[in-house]
Amino acid sequence: MAISTARTICRFLVYQSNSTFVRRQSDFVRRSRWTQQIKEDSEECRKAMFSATTKFVLFSDSKPFLAMRGSRLQVAFQSLKDLQTNFPNSEKLLETSVFLSSHSNVDNTVFAINVPRKDDLEHILKGSFVSYRKALVLLSKQDVSLLSQGLSSIRWNLKNQYCSNCGSKTKKTASGSQRKCTKCNNTSYPTMSPVAITVVHHGNHCLLARQPQFPEGMYSALAGFCDIGETMEMAVQREVAEEVGLEVDDIVYYNSQHWPFPNTSLMLACYARLKPNTTDKISVDKQELEDARWFHRDEIKEVLHLQSKDSSVPVKSKSMGRLWFPPPAAIAHHLIKSWAFQNDV
């Protein structure tokens with residue numbers, strides 16, 4: 001009897017588990033299809049835009065609007081009513097907004113909007129416009145992803161106001177995911193530039209470098225744009241050879257991240273092994289890099305440990321002086337950390 005009851009309970013738990021998975025999968029599919037509908041159907045997009053539950057992310061001069069919520073700095077979402085109250089030209093501003101996503105469900109959508117800077121605006125809205133790079137250090141991964149999408153979408157619309165085919169004015173669709181030429185009807189879509197970002201490893205050492213514009217003491221993975229016709233692997237080999245004079249092989253893909261700088265990039269993170277029987281002597285291209293060096297795995301771990309207490313400033317390592325790596329919001333951080341805490345890549 002006890003065995004029979006146990007089997008019944010197990011079957012019920014398996015059924016519940018499978019049912020939950022199906023529901024979650026269905027919710028995701030439903031949101032994805034609804035998101036696509038918003039992008040393609042301007043009438044549906046405007047309905048969503050004027051919904052009382054819709055949230056707006058504000059930008060001004062490429063800076064997102066943030067506010068303290070409890071002890072943390074977060075994206076200060078605004079409602080439609082907030083916009084209508086604080087901006088006399090809200091109807092005109094809404095026409096320039098761009099759709100970002102169905103944030104958590106189909107009744108709670110998010111748009112980004114670029115607003116003019118006013119002296120008292122931050123005081124009225126009880127927050128601050130903060131540089132995106134600073135926000136990277138302070139915000140959650142979810143908020144950073146949302147801001148990245150918003151900043152890139154706004155910039156793309158601002159930079160593509162004329163048709164690349166005939167030079168005439170273009171007009172954005174309601175969602176901002178397309179621009180159509182007013183003369184030849186050519187349709188433009190946002191694009192991303194693929195960038196290979198690479199940690200080169202050799203035994204218990206990995207190679208990190210710094211560019212002249214990096215904050216003081218910061219070292220990161222090598223990175224460079226993929227050329228037309230190149231695969232990711234070809235781009236990694238070329239960039240490493242150009243920037244530090246080394247040959248690599250055994251290139252392994254790690255993960256990817258959207259990055260809004262310098263325009264809109266897709267960061268393709270990977271590892272590459274120093275090619276056997278080739279030199280490990282670094283020859284830095286000074287036009288691209290300020291410095292590059294090999295770091296021991298233990299040195300990386302030491303810095304990451306110290307940096308975990310505050311990733312916004314350089315740490316003082318016993319063996320290496322002032323040094324830091326990109327913050328957790330950047331894929332370079334995880335690429336470096338993942339290598340440091342595993343024996344083999």
# chains A, B, ... in the order shown; residues from 1 in each chain; ligands from 1
>>> select_by_dssp(residues="segment 86-220 of chain A", states="strand (DSSP E or B)", output="CSV table (one decimal) with C-alpha atoms, in the first residue's frame")
chain,number,residue,atom,x,y,z
A,98,VAL,CA,11.2,53.2,-29.0
A,99,PHE,CA,9.8,49.9,-27.9
A,100,LEU,CA,12.1,47.7,-25.8
A,101,SER,CA,10.3,44.6,-24.6
A,102,SER,CA,7.4,43.0,-22.8
A,103,HIS,CA,9.2,43.5,-19.5
A,104,SER,CA,7.5,40.7,-17.5
A,105,ASN,CA,4.2,40.0,-19.2
A,108,ASN,CA,3.6,45.5,-18.8
A,109,THR,CA,5.6,46.9,-21.7
A,110,VAL,CA,8.7,49.1,-21.7
A,111,PHE,CA,9.6,52.0,-24.0
A,112,ALA,CA,12.7,54.2,-24.0
A,113,ILE,CA,12.4,57.9,-24.7
A,114,ASN,CA,14.9,60.7,-25.2
A,128,SER,CA,19.6,61.8,-11.7
A,129,PHE,CA,20.7,61.3,-15.3
A,162,TYR,CA,18.1,59.8,-44.1
A,169,LYS,CA,14.1,61.6,-45.2
A,170,THR,CA,13.1,58.4,-43.3
A,171,LYS,CA,10.3,58.0,-40.8
A,172,LYS,CA,10.4,55.6,-37.9
A,179,ARG,CA,12.7,53.3,-40.5
A,180,LYS,CA,11.0,53.7,-43.9
A,181,CYS,CA,12.1,56.1,-46.7
A,187,THR,CA,13.1,49.9,-45.1
A,188,SER,CA,16.1,50.1,-42.8
A,193,SER,CA,28.8,45.0,-35.4
A,194,PRO,CA,30.3,41.7,-34.3
A,195,VAL,CA,33.3,42.0,-32.0
A,196,ALA,CA,35.5,39.2,-30.9
A,197,ILE,CA,36.7,39.5,-27.3
A,198,THR,CA,39.3,37.1,-26.3
A,199,VAL,CA,41.2,35.8,-23.3
A,200,VAL,CA,44.5,34.2,-24.5
A,201,HIS,CA,45.7,31.5,-22.2
A,202,HIS,CA,49.0,29.7,-21.8
A,205,HIS,CA,48.7,32.4,-17.3
A,206,CYS,CA,46.3,34.5,-19.4
A,207,LEU,CA,47.0,37.7,-21.4
A,208,LEU,CA,45.1,40.9,-20.6
A,209,ALA,CA,45.7,44.4,-22.0
A,210,ARG,CA,44.7,48.0,-21.5
A,218,MET,CA,42.1,48.6,-15.7
A,220,SER,CA,40.7,43.6,-19.9
>>> residues_around(residues="Ala241 of chain A", least_positions_apart="3", cutoff="12 Å", atoms="only C-alpha atoms", output="mmCIF file with all heavy atoms, in the first residue's frame")
data_model
loop_
_atom_site.group_PDB
_atom_site.id
_atom_site.type_symbol
_atom_site.label_atom_id
_atom_site.label_comp_id
_atom_site.auth_asym_id
_atom_site.auth_seq_id
_atom_site.Cartn_x
_atom_site.Cartn_y
_atom_site.Cartn_z
ATOM 1 N N VAL A 200 43.419 35.144 -24.070
ATOM 2 C CA VAL A 200 44.451 34.216 -24.546
ATOM 3 C C VAL A 200 45.081 33.567 -23.316
ATOM 4 O O VAL A 200 45.465 34.265 -22.370
ATOM 5 C CB VAL A 200 45.524 34.955 -25.363
ATOM 6 C CG1 VAL A 200 46.626 33.994 -25.788
ATOM 7 C CG2 VAL A 200 44.894 35.636 -26.574
ATOM 8 N N LEU A 222 41.476 41.096 -24.870
ATOM 9 C CA LEU A 222 41.680 41.687 -26.187
ATOM 10 C C LEU A 222 40.352 41.703 -26.941
ATOM 11 O O LEU A 222 39.551 40.772 -26.824
ATOM 12 C CB LEU A 222 42.703 40.885 -26.992
ATOM 13 C CG LEU A 222 44.129 40.816 -26.435
ATOM 14 C CD1 LEU A 222 44.967 39.872 -27.288
ATOM 15 C CD2 LEU A 222 44.757 42.202 -26.384
ATOM 16 N N ALA A 223 40.116 42.746 -27.713
ATOM 17 C CA ALA A 223 38.849 42.834 -28.456
ATOM 18 C C ALA A 223 39.064 43.575 -29.765
ATOM 19 O O ALA A 223 39.866 44.503 -29.850
ATOM 20 C CB ALA A 223 37.788 43.544 -27.623
ATOM 21 N N GLY A 224 38.323 43.128 -30.795
ATOM 22 C CA GLY A 224 38.407 43.797 -32.094
ATOM 23 C C GLY A 224 37.241 43.421 -32.982
ATOM 24 O O GLY A 224 36.654 42.341 -32.836
ATOM 25 N N MET A 234 38.641 33.423 -37.229
ATOM 26 C CA MET A 234 39.613 34.167 -38.035
ATOM 27 C C MET A 234 39.882 35.548 -37.434
ATOM 28 O O MET A 234 41.030 36.013 -37.404
ATOM 29 C CB MET A 234 39.089 34.307 -39.473
ATOM 30 C CG MET A 234 39.047 32.998 -40.241
ATOM 31 S SD MET A 234 38.036 33.123 -41.764
ATOM 32 C CE MET A 234 38.997 34.303 -42.706
ATOM 33 N N ALA A 235 38.816 36.180 -36.927
ATOM 34 C CA ALA A 235 38.967 37.506 -36.325
ATOM 35 C C ALA A 235 39.830 37.444 -35.061
ATOM 36 O O ALA A 235 40.685 38.308 -34.834
ATOM 37 C CB ALA A 235 37.592 38.083 -35.990
ATOM 38 N N VAL A 236 39.632 36.398 -34.252
ATOM 39 C CA VAL A 236 40.431 36.227 -33.039
ATOM 40 C C VAL A 236 41.909 36.087 -33.395
ATOM 41 O O VAL A 236 42.780 36.771 -32.829
ATOM 42 C CB VAL A 236 39.960 34.988 -32.239
ATOM 43 C CG1 VAL A 236 40.972 34.636 -31.152
ATOM 44 C CG2 VAL A 236 38.590 35.246 -31.628
ATOM 45 N N GLN A 237 42.216 35.219 -34.341
ATOM 46 C CA GLN A 237 43.610 34.989 -34.714
ATOM 47 C C GLN A 237 44.258 36.261 -35.267
ATOM 48 O O GLN A 237 45.404 36.583 -34.931
ATOM 49 C CB GLN A 237 43.690 33.856 -35.735
ATOM 50 C CG GLN A 237 43.350 32.494 -35.138
ATOM 51 C CD GLN A 237 43.301 31.390 -36.180
ATOM 52 O OE1 GLN A 237 42.742 31.569 -37.257
ATOM 53 N NE2 GLN A 237 43.884 30.242 -35.861
ATOM 54 N N ARG A 238 43.520 36.984 -36.101
ATOM 55 C CA ARG A 238 44.067 38.215 -36.688
ATOM 56 C C ARG A 238 44.288 39.286 -35.617
ATOM 57 O O ARG A 238 45.346 39.931 -35.575
ATOM 58 C CB ARG A 238 43.118 38.737 -37.773
ATOM 59 C CG ARG A 238 43.556 40.074 -38.374
ATOM 60 C CD ARG A 238 42.552 40.592 -39.387
ATOM 61 N NE ARG A 238 41.198 40.657 -38.855
ATOM 62 C CZ ARG A 238 40.764 41.613 -38.033
ATOM 63 N NH1 ARG A 238 41.584 42.582 -37.623
ATOM 64 N NH2 ARG A 238 39.513 41.619 -37.610
ATOM 65 N N VAL A 244 49.148 41.972 -30.208
ATOM 66 C CA VAL A 244 50.200 41.541 -29.271
ATOM 67 C C VAL A 244 51.249 40.633 -29.908
ATOM 68 O O VAL A 244 52.136 40.120 -29.225
ATOM 69 C CB VAL A 244 49.580 40.837 -28.036
ATOM 70 C CG1 VAL A 244 48.805 41.831 -27.195
ATOM 71 C CG2 VAL A 244 48.703 39.658 -28.446
ATOM 72 N N GLY A 245 51.161 40.397 -31.224
ATOM 73 C CA GLY A 245 52.186 39.653 -31.930
ATOM 74 C C GLY A 245 52.288 38.187 -31.579
ATOM 75 O O GLY A 245 53.372 37.601 -31.646
ATOM 76 N N LEU A 246 51.155 37.564 -31.228
ATOM 77 C CA LEU A 246 51.165 36.152 -30.861
ATOM 78 C C LEU A 246 50.286 35.337 -31.804
ATOM 79 O O LEU A 246 49.380 35.878 -32.445
ATOM 80 C CB LEU A 246 50.653 35.968 -29.425
ATOM 81 C CG LEU A 246 51.446 36.659 -28.318
ATOM 82 C CD1 LEU A 246 50.750 36.471 -26.984
ATOM 83 C CD2 LEU A 246 52.879 36.137 -28.265
ATOM 84 N N GLU A 247 50.577 34.030 -31.869
ATOM 85 C CA GLU A 247 49.742 33.115 -32.648
ATOM 86 C C GLU A 247 48.907 32.267 -31.693
ATOM 87 O O GLU A 247 49.414 31.808 -30.660
ATOM 88 C CB GLU A 247 50.611 32.200 -33.512
ATOM 89 C CG GLU A 247 51.303 32.899 -34.662
ATOM 90 C CD GLU A 247 52.019 31.911 -35.561
ATOM 91 O OE1 GLU A 247 51.328 31.094 -36.224
ATOM 92 O OE2 GLU A 247 53.259 31.938 -35.589
ATOM 93 N N VAL A 248 47.629 32.064 -32.032
ATOM 94 C CA VAL A 248 46.747 31.280 -31.170
ATOM 95 C C VAL A 248 46.005 30.215 -31.981
ATOM 96 O O VAL A 248 45.861 30.326 -33.195
ATOM 97 C CB VAL A 248 45.716 32.180 -30.438
ATOM 98 C CG1 VAL A 248 46.402 33.105 -29.459
ATOM 99 C CG2 VAL A 248 44.861 32.957 -31.442
ATOM 100 N N ASP A 249 45.536 29.189 -31.260
ATOM 101 C CA ASP A 249 44.668 28.185 -31.862
ATOM 102 C C ASP A 249 43.678 27.708 -30.792
ATOM 103 O O ASP A 249 43.553 28.342 -29.744
ATOM 104 C CB ASP A 249 45.477 27.017 -32.450
ATOM 105 C CG ASP A 249 46.261 26.248 -31.392
ATOM 106 O OD1 ASP A 249 46.107 26.542 -30.171
ATOM 107 O OD2 ASP A 249 47.023 25.339 -31.763
ATOM 108 N N ALA A 272 41.268 31.553 -26.335
ATOM 109 C CA ALA A 272 42.198 31.087 -27.366
ATOM 110 C C ALA A 272 43.498 30.665 -26.700
ATOM 111 O O ALA A 272 44.005 31.354 -25.809
ATOM 112 C CB ALA A 272 42.456 32.191 -28.391
ATOM 113 N N LEU A 274 47.519 29.905 -26.626
ATOM 114 C CA LEU A 274 48.764 30.232 -27.318
ATOM 115 C C LEU A 274 49.197 29.012 -28.119
ATOM 116 O O LEU A 274 49.285 27.899 -27.584
ATOM 117 C CB LEU A 274 49.843 30.619 -26.314
ATOM 118 C CG LEU A 274 51.191 31.016 -26.930
ATOM 119 C CD1 LEU A 274 51.097 32.362 -27.634
ATOM 120 C CD2 LEU A 274 52.278 31.045 -25.860
ATOM 121 N N LYS A 275 49.455 29.202 -29.386
ATOM 122 C CA LYS A 275 49.796 28.082 -30.262
ATOM 123 C C LYS A 275 51.088 27.412 -29.800
ATOM 124 O O LYS A 275 52.100 28.094 -29.563
ATOM 125 C CB LYS A 275 49.950 28.580 -31.700
ATOM 126 C CG LYS A 275 50.024 27.469 -32.735
ATOM 127 C CD LYS A 275 49.999 28.064 -34.138
ATOM 128 C CE LYS A 275 50.049 26.961 -35.194
ATOM 129 N NZ LYS A 275 49.992 27.528 -36.564
ATOM 130 N N THR A 278 55.278 28.196 -30.333
ATOM 131 C CA THR A 278 55.422 29.579 -30.813
ATOM 132 C C THR A 278 55.807 30.455 -29.627
ATOM 133 O O THR A 278 55.624 30.076 -28.468
ATOM 134 C CB THR A 278 54.126 30.109 -31.449
ATOM 135 O OG1 THR A 278 53.087 30.142 -30.462
ATOM 136 C CG2 THR A 278 53.691 29.236 -32.615
ATOM 137 N N THR A 279 56.313 31.614 -29.908
ATOM 138 C CA THR A 279 56.799 32.499 -28.842
ATOM 139 C C THR A 279 55.665 33.007 -27.949
ATOM 140 O O THR A 279 54.544 33.218 -28.423
ATOM 141 C CB THR A 279 57.547 33.705 -29.443
ATOM 142 O OG1 THR A 279 58.050 34.528 -28.377
ATOM 143 C CG2 THR A 279 56.624 34.558 -30.318
ATOM 144 N N ASP A 280 55.985 33.203 -26.665
ATOM 145 C CA ASP A 280 55.036 33.823 -25.745
ATOM 146 C C ASP A 280 55.448 35.267 -25.430
ATOM 147 O O ASP A 280 54.875 35.914 -24.541
ATOM 148 C CB ASP A 280 54.914 33.019 -24.450
ATOM 149 C CG ASP A 280 56.229 32.958 -23.672
ATOM 150 O OD1 ASP A 280 57.250 33.459 -24.186
ATOM 151 O OD2 ASP A 280 56.232 32.409 -22.553
ATOM 152 N N LYS A 281 56.443 35.764 -26.168
ATOM 153 C CA LYS A 281 56.903 37.135 -25.965
ATOM 154 C C LYS A 281 55.918 38.114 -26.604
ATOM 155 O O LYS A 281 55.640 38.052 -27.802
ATOM 156 C CB LYS A 281 58.296 37.323 -26.576
ATOM 157 C CG LYS A 281 58.893 38.691 -26.279
ATOM 158 C CD LYS A 281 60.306 38.819 -26.847
ATOM 159 C CE LYS A 281 60.877 40.210 -26.549
ATOM 160 N NZ LYS A 281 62.250 40.363 -27.113
ATOM 161 N N ILE A 282 55.409 39.029 -25.788
ATOM 162 C CA ILE A 282 54.387 39.978 -26.252
ATOM 163 C C ILE A 282 55.041 41.142 -26.987
ATOM 164 O O ILE A 282 56.025 41.718 -26.528
ATOM 165 C CB ILE A 282 53.574 40.509 -25.051
ATOM 166 C CG1 ILE A 282 52.848 39.363 -24.349
ATOM 167 C CG2 ILE A 282 52.575 41.574 -25.502
ATOM 168 C CD1 ILE A 282 52.252 39.757 -23.008
ATOM 169 N N SER A 283 54.470 41.474 -28.144
ATOM 170 C CA SER A 283 54.908 42.632 -28.919
ATOM 171 C C SER A 283 53.690 43.546 -29.110
ATOM 172 O O SER A 283 52.842 43.297 -29.963
ATOM 173 C CB SER A 283 55.462 42.194 -30.278
ATOM 174 O OG SER A 283 55.751 43.308 -31.088
ATOM 175 N N VAL A 284 53.600 44.585 -28.289
ATOM 176 C CA VAL A 284 52.390 45.422 -28.236
ATOM 177 C C VAL A 284 52.325 46.403 -29.399
ATOM 178 O O VAL A 284 53.309 47.087 -29.705
ATOM 179 C CB VAL A 284 52.334 46.208 -26.902
ATOM 180 C CG1 VAL A 284 51.149 47.170 -26.887
ATOM 181 C CG2 VAL A 284 52.246 45.242 -25.732
ATOM 182 N N ASP A 285 51.171 46.451 -30.057
ATOM 183 C CA ASP A 285 50.905 47.473 -31.068
ATOM 184 C C ASP A 285 50.495 48.745 -30.327
ATOM 185 O O ASP A 285 49.382 48.859 -29.826
ATOM 186 C CB ASP A 285 49.769 47.006 -31.990
ATOM 187 C CG ASP A 285 49.404 48.060 -33.037
ATOM 188 O OD1 ASP A 285 50.012 49.148 -33.042
ATOM 189 O OD2 ASP A 285 48.488 47.785 -33.846
#
>>> residues_around(residues="Tyr132 of chain A", least_positions_apart="4", cutoff="9 Å", atoms="only C-alpha atoms", output="list in words")
Ser62, Lys63, Pro64, Leu136, Val144, Leu147, Ser148 and Leu151 of chain A
>>> write_last_selection(atoms="all heavy atoms", output="tab-separated table (two decimals), in the first residue's frame")
chain	number	residue	atom	x	y	z
A	62	SER	N	22.19	60.67	-23.95
A	62	SER	CA	22.68	59.29	-23.80
A	62	SER	C	22.82	58.83	-22.35
A	62	SER	O	23.35	57.76	-22.09
A	62	SER	CB	24.05	59.11	-24.50
A	62	SER	OG	23.92	59.33	-25.89
A	63	LYS	N	22.34	59.63	-21.41
A	63	LYS	CA	22.42	59.26	-20.00
A	63	LYS	C	21.06	58.76	-19.51
A	63	LYS	O	20.05	59.45	-19.66
A	63	LYS	CB	22.85	60.46	-19.15
A	63	LYS	CG	24.26	60.95	-19.45
A	63	LYS	CD	24.61	62.15	-18.60
A	63	LYS	CE	26.03	62.63	-18.88
A	63	LYS	NZ	26.38	63.81	-18.06
A	64	PRO	N	21.00	57.56	-18.91
A	64	PRO	CA	19.73	57.04	-18.39
A	64	PRO	C	19.36	57.72	-17.08
A	64	PRO	O	20.23	58.15	-16.32
A	64	PRO	CB	20.03	55.56	-18.17
A	64	PRO	CG	21.49	55.51	-17.91
A	64	PRO	CD	22.11	56.59	-18.75
A	136	LEU	N	26.76	50.94	-15.52
A	136	LEU	CA	27.24	49.56	-15.67
A	136	LEU	C	27.73	48.97	-14.36
A	136	LEU	O	27.54	47.80	-14.07
A	136	LEU	CB	28.40	49.52	-16.67
A	136	LEU	CG	28.08	49.43	-18.15
A	136	LEU	CD1	29.38	49.51	-18.94
A	136	LEU	CD2	27.34	48.16	-18.48
A	144	VAL	N	20.87	46.78	-16.73
A	144	VAL	CA	21.91	47.13	-17.71
A	144	VAL	C	21.50	46.68	-19.10
A	144	VAL	O	21.67	47.41	-20.09
A	144	VAL	CB	23.26	46.52	-17.31
A	144	VAL	CG1	24.27	46.60	-18.45
A	144	VAL	CG2	23.83	47.23	-16.09
A	147	LEU	N	18.84	49.07	-20.43
A	147	LEU	CA	19.42	50.36	-20.81
A	147	LEU	C	20.25	50.26	-22.08
A	147	LEU	O	20.25	51.17	-22.91
A	147	LEU	CB	20.29	50.90	-19.67
A	147	LEU	CG	19.58	51.28	-18.38
A	147	LEU	CD1	20.58	51.82	-17.37
A	147	LEU	CD2	18.47	52.29	-18.63
A	148	SER	N	20.95	49.16	-22.22
A	148	SER	CA	21.76	48.93	-23.42
A	148	SER	C	20.89	48.91	-24.66
A	148	SER	O	21.21	49.54	-25.69
A	148	SER	CB	22.52	47.60	-23.27
A	148	SER	OG	23.25	47.32	-24.43
A	151	LEU	N	19.42	52.61	-25.20
A	151	LEU	CA	20.41	53.56	-25.71
A	151	LEU	C	20.73	53.28	-27.17
A	151	LEU	O	20.79	54.21	-27.99
A	151	LEU	CB	21.68	53.48	-24.86
A	151	LEU	CG	22.84	54.39	-25.25
A	151	LEU	CD1	22.43	55.84	-25.25
A	151	LEU	CD2	24.03	54.17	-24.32
>>> atom_distance(atom1="atom CA of Leu73 of chain A", atom2="atom CA of Ser140 of chain A")
9.2 Å
>>> atom_distance(atom1="atom CA of Ala332 of chain A", atom2="atom CA of Met267 of chain A")
9.2 Å
>>> closest_residue(among="A:Val29, A:Ala52, A:Ala67, A:Ala329", to="Gln142 of chain A", atoms="only C-alpha atoms")
A:Ala329
>>> select_by_dssp(residues="segment 116-325 of chain A", states="helix (DSSP H, G or I)", output="count of residues only")
55
>>> residues_around(residues="Ile300 of chain A", least_positions_apart="4", cutoff="12 Å", atoms="only C-alpha atoms", output="PyMOL selection string")
chain A and resi 204-208+219-220+294-296+304-307+315+317+319-320+323-325+333-342
>>> write_last_selection(atoms="N, CA, C and O atoms", output="compact mmCIF listing (two decimals), in the first residue's frame")
# COMPACT_ATOMS: atom_id res chain seq x y z
N ASN A 204 49.08 28.28 -16.85
CA ASN A 204 48.41 28.97 -15.75
C ASN A 204 48.46 30.49 -15.89
O ASN A 204 48.29 31.21 -14.90
N HIS A 205 48.69 30.95 -17.10
CA HIS A 205 48.72 32.40 -17.35
C HIS A 205 47.70 32.78 -18.43
O HIS A 205 47.42 31.99 -19.33
N CYS A 206 47.16 33.98 -18.29
CA CYS A 206 46.32 34.52 -19.36
C CYS A 206 46.78 35.93 -19.68
O CYS A 206 47.39 36.61 -18.85
N LEU A 207 46.52 36.35 -20.89
CA LEU A 207 46.98 37.66 -21.37
C LEU A 207 45.85 38.67 -21.30
O LEU A 207 44.76 38.44 -21.83
N LEU A 208 46.09 39.79 -20.64
CA LEU A 208 45.15 40.90 -20.57
C LEU A 208 45.87 42.17 -20.99
O LEU A 208 47.09 42.28 -20.86
N TYR A 219 42.70 46.48 -16.73
CA TYR A 219 43.13 45.57 -17.78
C TYR A 219 41.93 44.70 -18.18
O TYR A 219 41.09 44.37 -17.33
N SER A 220 41.87 44.35 -19.44
CA SER A 220 40.74 43.55 -19.92
C SER A 220 41.19 42.60 -21.01
O SER A 220 42.38 42.53 -21.36
N TRP A 294 51.15 39.05 -19.26
CA TRP A 294 50.65 37.77 -18.79
C TRP A 294 50.37 37.86 -17.29
O TRP A 294 51.19 38.37 -16.52
N PHE A 295 49.22 37.36 -16.87
CA PHE A 295 48.85 37.31 -15.46
C PHE A 295 48.71 35.85 -15.03
O PHE A 295 48.09 35.04 -15.73
N HIS A 296 49.27 35.52 -13.86
CA HIS A 296 49.10 34.17 -13.32
C HIS A 296 47.68 34.00 -12.79
O HIS A 296 47.06 34.96 -12.34
N LEU A 304 40.22 39.63 -8.32
CA LEU A 304 38.76 39.41 -8.35
C LEU A 304 38.18 39.36 -6.94
O LEU A 304 37.09 39.88 -6.68
N HIS A 305 38.91 38.74 -6.02
CA HIS A 305 38.46 38.67 -4.63
C HIS A 305 38.38 40.07 -4.02
O HIS A 305 37.38 40.43 -3.39
N LEU A 306 39.43 40.86 -4.20
CA LEU A 306 39.44 42.21 -3.66
C LEU A 306 38.39 43.08 -4.33
O LEU A 306 37.73 43.90 -3.68
N GLN A 307 38.23 42.88 -5.63
CA GLN A 307 37.28 43.70 -6.39
C GLN A 307 35.83 43.37 -6.06
O GLN A 307 34.94 44.19 -6.27
N VAL A 315 41.70 48.06 -7.20
CA VAL A 315 42.08 47.48 -5.91
C VAL A 315 43.61 47.52 -5.80
O VAL A 315 44.31 47.66 -6.80
N SER A 317 46.57 45.39 -5.09
CA SER A 317 47.07 44.03 -4.96
C SER A 317 48.46 44.05 -4.33
O SER A 317 49.26 44.95 -4.59
N SER A 319 50.91 42.07 -4.89
CA SER A 319 51.97 41.76 -5.85
C SER A 319 52.00 42.66 -7.08
O SER A 319 53.01 42.75 -7.75
N MET A 320 50.88 43.35 -7.36
CA MET A 320 50.79 44.07 -8.64
C MET A 320 50.41 45.53 -8.53
O MET A 320 50.25 46.21 -9.55
N LEU A 323 45.17 47.83 -9.51
CA LEU A 323 44.75 47.06 -10.68
C LEU A 323 43.28 46.71 -10.55
O LEU A 323 42.77 46.52 -9.44
N TRP A 324 42.58 46.66 -11.68
CA TRP A 324 41.20 46.15 -11.65
C TRP A 324 40.79 45.65 -13.02
O TRP A 324 41.45 45.93 -14.03
N PHE A 325 39.72 44.86 -13.02
CA PHE A 325 39.17 44.30 -14.24
C PHE A 325 37.78 44.89 -14.47
O PHE A 325 37.20 45.51 -13.58
N HIS A 333 34.42 40.64 -17.71
CA HIS A 333 34.57 40.24 -16.30
C HIS A 333 34.36 38.73 -16.14
O HIS A 333 35.15 38.04 -15.51
N HIS A 334 33.29 38.23 -16.73
CA HIS A 334 32.93 36.82 -16.58
C HIS A 334 33.86 35.93 -17.38
O HIS A 334 34.15 34.79 -16.98
N LEU A 335 34.35 36.44 -18.49
CA LEU A 335 35.31 35.69 -19.31
C LEU A 335 36.60 35.46 -18.52
O LEU A 335 37.15 34.35 -18.48
N ILE A 336 37.06 36.52 -17.86
CA ILE A 336 38.28 36.44 -17.05
C ILE A 336 38.06 35.56 -15.82
O ILE A 336 38.87 34.69 -15.50
N LYS A 337 36.94 35.79 -15.15
CA LYS A 337 36.63 35.06 -13.91
C LYS A 337 36.47 33.56 -14.18
O LYS A 337 36.95 32.72 -13.42
N SER A 338 35.78 33.23 -15.27
CA SER A 338 35.56 31.83 -15.60
C SER A 338 36.88 31.11 -15.85
O SER A 338 37.06 29.97 -15.41
N TRP A 339 37.80 31.78 -16.54
CA TRP A 339 39.11 31.16 -16.77
C TRP A 339 39.85 30.97 -15.45
O TRP A 339 40.45 29.91 -15.21
N ALA A 340 39.80 31.97 -14.58
CA ALA A 340 40.58 31.95 -13.34
C ALA A 340 40.16 30.80 -12.41
O ALA A 340 41.00 30.22 -11.71
N PHE A 341 38.87 30.48 -12.42
CA PHE A 341 38.37 29.52 -11.46
C PHE A 341 38.09 28.14 -12.05
O PHE A 341 37.29 27.38 -11.54
N GLN A 342 38.75 27.82 -13.16
CA GLN A 342 38.69 26.46 -13.67
C GLN A 342 40.08 26.04 -14.11
O GLN A 342 40.89 26.87 -14.53
>>> closest_residue(among="A:Pro88, A:Gly150, A:Pro327, A:Pro212", to="Arg133 of chain A", atoms="only C-alpha atoms")
A:Pro327
>>> atom_distance(atom1="atom CA of Asp250 of chain A", atom2="atom CA of Ile228 of chain A")
22.1 Å
>>> residues_around(residues="Val115 of chain A", least_positions_apart="4", cutoff="8 Å", atoms="only C-alpha atoms", output="ChimeraX atom specification")
/A:58-60,93
>>> write_last_selection(atoms="N, CA, C and O atoms", output="short mmCIF file (atom, residue, chain, number, x, y, z; two decimals), in the first residue's frame")
data_model
loop_
_atom_site.label_atom_id
_atom_site.label_comp_id
_atom_site.auth_asym_id
_atom_site.auth_seq_id
_atom_site.Cartn_x
_atom_site.Cartn_y
_atom_site.Cartn_z
N LEU A 58 13.77 56.85 -19.28
CA LEU A 58 14.17 58.16 -19.80
C LEU A 58 15.68 58.22 -20.06
O LEU A 58 16.47 57.70 -19.28
N PHE A 59 16.04 58.85 -21.18
CA PHE A 59 17.43 59.16 -21.48
C PHE A 59 17.52 60.65 -21.81
O PHE A 59 16.56 61.25 -22.31
N SER A 60 18.68 61.23 -21.54
CA SER A 60 18.96 62.59 -21.97
C SER A 60 20.45 62.68 -22.25
O SER A 60 21.26 62.36 -21.37
N LEU A 93 6.83 63.85 -27.77
CA LEU A 93 7.91 63.01 -27.27
C LEU A 93 7.61 61.53 -27.45
O LEU A 93 8.48 60.73 -27.81
#
>>> closest_residue(among="A:Leu138, A:Arg322, A:His123, A:Tyr253", to="Pro215 of chain A", atoms="only C-alpha atoms")
A:Arg322
>>> residues_around(residues="Leu94 of chain A", least_positions_apart="5", cutoff="9 Å", atoms="only C-alpha atoms", output="list of chain:residue names")
A:Met49, A:Leu83, A:Asn89, A:Ile113
>>> write_last_selection(atoms="N, CA and C atoms", output="mmCIF file, in the first residue's frame")
data_model
loop_
_atom_site.group_PDB
_atom_site.id
_atom_site.type_symbol
_atom_site.label_atom_id
_atom_site.label_comp_id
_atom_site.auth_asym_id
_atom_site.auth_seq_id
_atom_site.Cartn_x
_atom_site.Cartn_y
_atom_site.Cartn_z
ATOM 1 N N MET A 49 1.636 51.700 -26.041
ATOM 2 C CA MET A 49 2.299 52.919 -25.598
ATOM 3 C C MET A 49 1.424 53.731 -24.650
ATOM 4 N N LEU A 83 4.797 61.246 -17.597
ATOM 5 C CA LEU A 83 5.231 61.980 -18.793
ATOM 6 C C LEU A 83 4.280 63.119 -19.109
ATOM 7 N N ASN A 89 4.961 68.769 -23.913
ATOM 8 C CA ASN A 89 4.951 68.239 -25.284
ATOM 9 C C ASN A 89 5.018 66.716 -25.288
ATOM 10 N N ILE A 113 12.689 56.633 -24.113
ATOM 11 C CA ILE A 113 12.376 57.921 -24.710
ATOM 12 C C ILE A 113 13.484 58.917 -24.382
#
